[in-house]
Each structure stands twice: as C-alpha cells, then as structure tokens.
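Report on one structure; see the data block that follows.
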Amino acid sequence: MTALLELSDVEVRYGAVRALRGVSLEVRQGEIVAVLGSNGAGKTTTLRTVSGLLRPVGGQVRFEGRRIDGTPPHRIVGGGISHVPEGRRIFAQMSVLENLEMGAFQRRGSTADELELVYGLFPVLKERRRQAGGTLSGGEQQMLAIGRALMSRPRLLLLDEPSMGLAPMVVARIFTILADIKRTGTTLLLVEQNAAQALAVADRGYVLETGEVVMSGSAADLAGDDRIRAAYLGEALT
Amino acid sequence: MSAGTTATASARARVLWRSPEARRLAAWVFGGLVLALMTGPSGSQAAPVAGFTGSLFHPRVLVFVALGVALWALSFVRARYGERVRETSVHLTRLPARLVRTRRARYGVYLVVLVFAVVYPPTLSGFWQEVLVDQIGVFVLLAIGLNVVVGYAGLLDLGYIAFYAIGAYSGAYWTGALPVHPPFHLNPFFVIPFAIAAAMVAGVILGAPTLRLRGDYLAIVTLGFGEIIQIAATNLQGVTGGAEGVTGVPHFSVHALGVHYAWTLSNLPYYYLLLGFVVLVLFGFRALEDSRVGRAFTAVREDEVAAEAVGINVLKYKVMAFAIGASTSGFAGLLEVSKIGFVTSQDFTVQLSILVLVLVIFGGMGSLPGAVAGAAFLQWVPQILRQHPLFGYQPQDLYIYLGALLVVMMIFRPEGMLPSRRRKRELALAEQGIGTADAMSGSADPAAGVAP
C-alpha cells in the first residue's frame, strides 16, 4: 500500500541555514503520526513544507502519489490537506461560525454537513457560535482552529503543537478529540513537544533533531525507548 | 462663567486657585488663547507682531476663550457625574444604531439620504453646487474606492492619487486633448472602460510584486509610486502637457436614441451624473462586501497566516482589492478631468492621497456609509469655515487642522464617524484584550476550556 503522504529526502533552507537536512517520513491512510523534537529541530518547518508555505530545495513531497512540493498553499488545501497552524491563528474578530465558514472557503455550496460534523466533535463551538473567536478560552480556540481546518473535509490534517500553552486537563481533552477525528477516517500528522500525550494517541512517531530524523518507529516502541524517555518524557534513566 | 470665576478677587479666589479644577480651567483658557493665536492672521517680515496683535485684540479671541471654558465645564461635569454622563452619552451614541437596527430601517435611512441628495442641491448657490461636485462628489467616489483597499483588505496605499492621475490622463488622451493623439477620439462615456482598465492594469502591475511585502513596505512603495507618477507627468511635457497642463478635454455628452444632451461647465448636471455613478459603485461594493471575495478580504486583513491556512490565495485577493481601489480612483479622475476640462500634473500631490486616506479613517474604515459621510463632512466643513469671520483660516493651514482633528478623533472615537459593525467589534475586543489576558492567569480559564 502506498503512503498517503510521503516525504523523501526533503531539504529546506532559510537562507544559508539548513532547517531540514534530508527528512524522509511517511504517513499511511488512517494513522496518527507524531513528529517529536525539541525547539528548532525542524518540526514546524516539516509541516509548513507539506502545506506549501515553504518550498523544499531538495527532495520530494508526495500526497496520494502526486508531487505537491512547490504547489501553492491554497491549492494544497483544495487538494485535501488542512493545516492547523502553530499558535492556533483563529480569526479573533470573527464569530465562531464565521471562523468555521472561512475554513470551508474552498468548498462552494452548503456547509451544513461539515458544520454538523464539527459541532458533533466540539459541542462547545455550537454553543458559542455567535461569540467572537478572540473571546474564547485557549482550549476553545484550539478546538476552533481544529474545527476550522476540518471544514474543508481534509483527508490529511496537519496539527502544529495543539497542546501549546494549554492546561494539562485541556490538552488531554484535545487529544481525546484527535482520536475521535481519526475514527471519522481523517489521517493526522501531528507535531508536538508534549511527547507523552502525542505518543499516547499516535500510531507511529518520528523524532527530529537539528533537521534530521534520528529515530522512528511505532508509538509504543518510542514511548518505551530509554533515550526518548530521558530526552522527551522527562524520566530519569534507571 | 469665566467672568464669575476671574472677578472674585478675594481670599476665596486664592483658595480656589489651589484647587485642581481651577488649574484645569486655566489650562483650557490658555489652550484657547494659543489656538486663537495659531489660527489668527499671520505676521510678515514688515510687521512681525501684526499676527500677534491681530489675534489677541480681536473679538474672536473671546470666542476661543469661551470655547476653552465650555470644554472645561464639560470635562468638569464629566469628572463629577462621570458614570451618569457616560451612560447617557453611550446611550445617545448608540441611539442611531438602535433606530436603524433592522435592514429595512437602514435602507429607509439610505433612501431618505438619497432623496435629499437629489432634491436639495438645486436650491443651493452656484458656489455650493461646485463644492458638491469638485470637493464632495469626486472625493466621496475616491473615498469609497480607497475604503476597499484600506478598510476591507487592510492595505495601506499612500499613492492612491496616482491612479486618479492615470484615469485623468486616460480621459485626456482618448478624447484627443493631449499632445499625443489616440488612434480615434472618443466621447468621455466611452473612455470610462479605458480609464478604469488603465488604472486597474497600473494597480495590478504595481500590486503583484509589492503586495508580497508586509504593511510598512507597501506603504513606502505606494508613496514612491505616487511621486513617480506625478514627477513623470510633470517631466513628460510632450506627452502629458506637464505642469502647465492641457485644456480642451470635452464634457460628457449623449447622442443616442434621439436624445442629444451635452454636459457643460455648469455644476448641477455633473452633480447628478456623479451621484448616479456613486450610487452604482456603492451598490457594487455593498455586494462585494458580502461576497466570497469580501470575506476573503476580511480574512486577509485579520490574519494573513490564518487566511493562507484556510486556503485563501492571499496575494490574489490583495492584488484584487488593490486593483478595485485603483480603478475607482481612475474612474474619479476621468470624471473630474472631463468636468473641469483641463489636466495638470500639479493636481496629483501626495497630500491629496493622504487627504483621501484621512477621509476614510475619519468616516470609519471598512464602512461604506462611513466613507461617504467622512468624505462629505470633512470636505464640506472647511468650505463653511474658510470664509467664516471668526473661524476663517488660511487655505495652506488646512492640513494642520485636519491633522489635529484626526488626532482628536483617534483619541475619542477611533472607530470613525459611522463605523462598520466589524470594526466596532474589533476595537471593543482590543479593549477587552487586557481584561481577558488578566482573566487567563486566573483559574477560570482551563475549566472553560474543558466545558463540553
């Protein structure tokens, strides 16, 4: 079976700085894949490359077998990949409903089905649909950002640090919902610093360090690996 | 009031002087005096103190002092009965909005304004009819065009008048008034698509490369573009007529279906022509606001990264907003040039670009009624005051006062005269921003996040 998303030997530069030094990874249909790593490892760069915001100088990005590196971001959204950007980036001055409708910008016609799906996953958004996005709590804003991304009915959802700046209880709730989203048939590629949470819901994971994949494997294997536990799960080696 | 406080030269007055209110009153009166001096006649080398004496020993100084005292009284009342005054004033400022809450009521108001705009001008004097066309009508059109760029898409365009110039020169060229001649001469009506297209193409050519840049850079580039167009128009004398300008741009005329009518230098027919076009453009932009394109503009203005994430082609919509604004400006340029019949590069100053921006900001960014009202109000009031015995000003000082007025407006009503609902909400949220930020450090927030 071919991968839904496949990065092979992708290299991205910011000027003279090599942010990704030949990253290869794949995401199969129906999986949750977590990309772990510390600050500056290249996690966000990887996501931004997939969603077309960055153009790789080397390597290939394939989605459903077709090359998408160099495709402009709005085409990629239309092609079935949605990006939940770092720091949520909701439209603070638009209402919750308007935010969700913006998420369906590429879909013409009725958005009733998509709305129902999102409200089903996040009932709080339905309650607050008339409220301005900026007045929501951090956790609700993250839910709105995810809901907005789901409005385009993506086959692959990219999530950049959904746990950022949220209380542990809220993070746990968000990750439960990510598992629900997986059950609706959407594939997820997740970038996280919160390795414990990410590996708890993910099927597989990759570990990035200074722009290179240094480790990969099933979530269970990674969670059990001593080096991961020491570096990312904050456990002392015994 | 002022007589009462100053005349009581007793021990009680000395006590009073120590009170903060008295000092505040003194400051207001002093401010009034300074304003009286500033706005009074200016001195010259021959009579350096003439301005000073002419301002101080003139009845107008009393008016300014009285104005200072009145403002002091106002601030005094506000300080003492602050809560109640604030409530009443909030109530009063919201009243118009409440009255026209329904769509039908709002359209009723527009209809009344339109009827007024149709039946009132014929009763005006020739001077005011000219103001209506040259100062108000053309600038209303310019303002609603710039409103698309600045208000909808959030792009700061400081070279807006360059497109007006392009429209004006297109008008002069296609009607055969320029030193260079077109392949065929056209009636100004048929020049409309050419002028709009020329301005739009210029907008796209300038916009496509520069709109990749973020805010400040765009402002600098457009500022430069405005200067380039004016300097080029001045120096290409053989093409544009330069600073001396060219005359003989024909008026609009209709020769069709047995109707023969020609507009002339007289103002009223041009006023109605302009009114018709303005109403048409307003309908168009109103539809634009609610369309998919309009929503894309709003998204781009609020957050470019988020707009990109939801699949909006940010550059495309920025160029589109820029080009729509440019073509409106070009259209206005054509209308004005064919009305006054001549065109000179001296008219297309950067000040004019800034003036239109001021009109939009003053009226309320992103609001069509605001852009119309702002342009009409700010172009009309200076004309009244110009000849006024007490508040008359030197024409070259106009921008000082407009600037001061804008500063006052930004302090007390930053959303503008008739703000859009969205803009009002933005400012209200920004104010709350401090409040919610405080609340987030509390314990209530995570719980709210978990709530189903």
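Letters for chains follow the order of the structure tokens (A, B, ...), residue numbers begin at 1 for each chain, and ligand numbers begin at 1 in the order shown.
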
Tell me which protein, DNA and RNA residues are within 9 Å of stretch 353-357 of chain B, counting only C-alpha atoms, leaving out same-chain ones fewer than 5 positions away, and put them as a VMD selection string. chain B and resid 139 to 140 142 to 143 146 to 147 150 156 to 162 223 226 348 362 375 399 402

At a cut-off of 7 Å, which residues of chain A touch chain B? Count only C-alpha atoms and give the answer as an NGL selection string. :A and (73-74 or 77-78 or 83 or 85 or 89-91 or 93 or 102-103 or 105-106 or 123-124 or 137-140 or 149 or 167 or 170 or 173)

Go ahead and save the residues from that selection, with N, CA and C atoms, as a short mmCIF file (atom, residue, chain, number, x, y, z; two decimals), in the first residue's frame.
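Everything below was put into again-v6.cif:
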```cif
data_model
loop_
_atom_site.label_atom_id
_atom_site.label_comp_id
_atom_site.auth_asym_id
_atom_site.auth_seq_id
_atom_site.Cartn_x
_atom_site.Cartn_y
_atom_site.Cartn_z
N PRO A 73 0.00 27.09 -1.37
CA PRO A 73 -0.78 26.58 -0.23
C PRO A 73 -2.28 26.47 -0.48
N HIS A 74 -2.87 27.43 -1.23
CA HIS A 74 -4.32 27.34 -1.40
C HIS A 74 -4.71 26.14 -2.25
N VAL A 77 -4.64 23.07 0.12
CA VAL A 77 -5.87 22.96 0.92
C VAL A 77 -6.99 22.37 0.07
N GLY A 78 -7.11 22.87 -1.16
CA GLY A 78 -8.12 22.33 -2.06
C GLY A 78 -7.89 20.87 -2.36
N HIS A 83 -4.25 22.57 7.44
CA HIS A 83 -3.17 22.90 8.36
C HIS A 83 -3.75 23.66 9.56
N PRO A 85 -2.45 25.88 12.16
CA PRO A 85 -1.13 26.48 12.35
C PRO A 85 -0.74 26.59 13.82
N ARG A 89 -4.02 30.69 15.61
CA ARG A 89 -4.30 31.59 14.49
C ARG A 89 -5.76 31.58 14.06
N ILE A 90 -6.66 31.67 15.00
CA ILE A 90 -8.06 31.84 14.60
C ILE A 90 -8.28 33.30 14.24
N PHE A 91 -9.38 33.59 13.57
CA PHE A 91 -9.72 34.98 13.28
C PHE A 91 -10.40 35.54 14.53
N GLN A 93 -11.50 38.34 15.50
CA GLN A 93 -12.63 39.27 15.44
C GLN A 93 -13.84 38.70 14.73
N MET A 102 -15.06 30.30 7.15
CA MET A 102 -13.82 30.60 6.44
C MET A 102 -13.05 29.31 6.16
N GLY A 103 -13.15 28.37 7.09
CA GLY A 103 -12.46 27.10 6.90
C GLY A 103 -12.95 26.36 5.66
N PHE A 105 -13.70 27.81 2.93
CA PHE A 105 -13.59 28.80 1.85
C PHE A 105 -13.48 28.15 0.47
N GLN A 106 -12.79 27.03 0.40
CA GLN A 106 -12.57 26.39 -0.90
C GLN A 106 -13.78 25.57 -1.36
N PRO A 123 -19.00 20.28 20.82
CA PRO A 123 -20.31 20.90 21.10
C PRO A 123 -20.18 22.33 21.63
N VAL A 124 -19.07 22.63 22.29
CA VAL A 124 -18.92 23.97 22.86
C VAL A 124 -18.89 25.03 21.75
N SER A 137 -11.73 30.78 25.36
CA SER A 137 -10.56 30.40 26.14
C SER A 137 -9.54 29.74 25.20
N GLY A 138 -8.32 29.57 25.72
CA GLY A 138 -7.26 28.98 24.89
C GLY A 138 -7.64 27.62 24.33
N GLY A 139 -8.23 26.78 25.19
CA GLY A 139 -8.60 25.45 24.75
C GLY A 139 -9.68 25.50 23.69
N GLU A 140 -10.65 26.39 23.90
CA GLU A 140 -11.73 26.51 22.91
C GLU A 140 -11.20 27.06 21.59
N ALA A 149 -10.16 23.79 10.44
CA ALA A 149 -9.39 23.01 9.47
C ALA A 149 -10.22 21.84 8.95
N ALA A 167 -3.62 24.16 29.56
CA ALA A 167 -3.55 23.43 30.83
C ALA A 167 -3.62 21.93 30.55
N VAL A 170 -6.94 20.42 29.63
CA VAL A 170 -7.42 20.81 28.30
C VAL A 170 -6.68 20.01 27.24
N ARG A 173 -8.09 16.65 26.86
CA ARG A 173 -9.37 16.68 26.15
C ARG A 173 -9.16 16.80 24.64
#
```

List the spatial neighbours of stretch 10-25 of chain A as number ranges by chain - criterion: any atom at most 6 Å away, only C-alpha atoms, same-chain residues fewer than 3 positions off excluded. A: 6-7, 42, 56-60, 211-212

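The two atoms in question, atom CA of A:Arg55 and atom CA of A:Gly70, are spaced 5.4 Å apart.
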
What are the DSSP helix (DSSP H, G or I) residues of stretch 29-222 of chain B, as a PyMOL selection string? chain B and resi 29-39+50-56+60-80+82-99+103-119+121-123+126-152+160-174+188-210+215-222

Compile the contact shell of stretch 109-117 of chain B as a VMD selection string: residues with an atom at most 12 Å away, counting only C-alpha atoms, same-chain residues fewer than 3 positions apart removed. chain B and resid 96 to 97 99 to 106 120 to 124 129 132 to 133 136 to 137 268 271 to 272 274 to 276 278 to 279 282 to 283 368 to 369 372 to 373 376

Taking only stretch 42-238 of chain A into account, list the residues labelled strand (DSSP E) by DSSP (computed from the backbone), as JSON, numbers by chain. {"A": [58, 59, 60, 61, 62, 63, 66, 67, 81, 82, 83, 84, 156, 157, 158, 159, 160, 187, 188, 189, 190, 191, 192, 204, 205, 206, 207, 208, 209, 212, 213, 214, 215, 216, 217, 218]}

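Nearest residue to A:Thr186 among A:Glu98, A:Glu31, A:Asp226, A:Glu116 is A:Glu31, counting only C-alpha atoms.
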
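By only C-alpha atoms, and with residues fewer than 5 positions from A:Ala202 along its chain excluded, the set lying at most 6 Å from it is A:Ile32, A:Val33, A:Ala34, A:Ala219.
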
Counting only C-alpha atoms, the residue of A:Asn194, A:Thr71, A:Ser216, A:Gln142 that sits nearest A:Ser38: A:Asn194
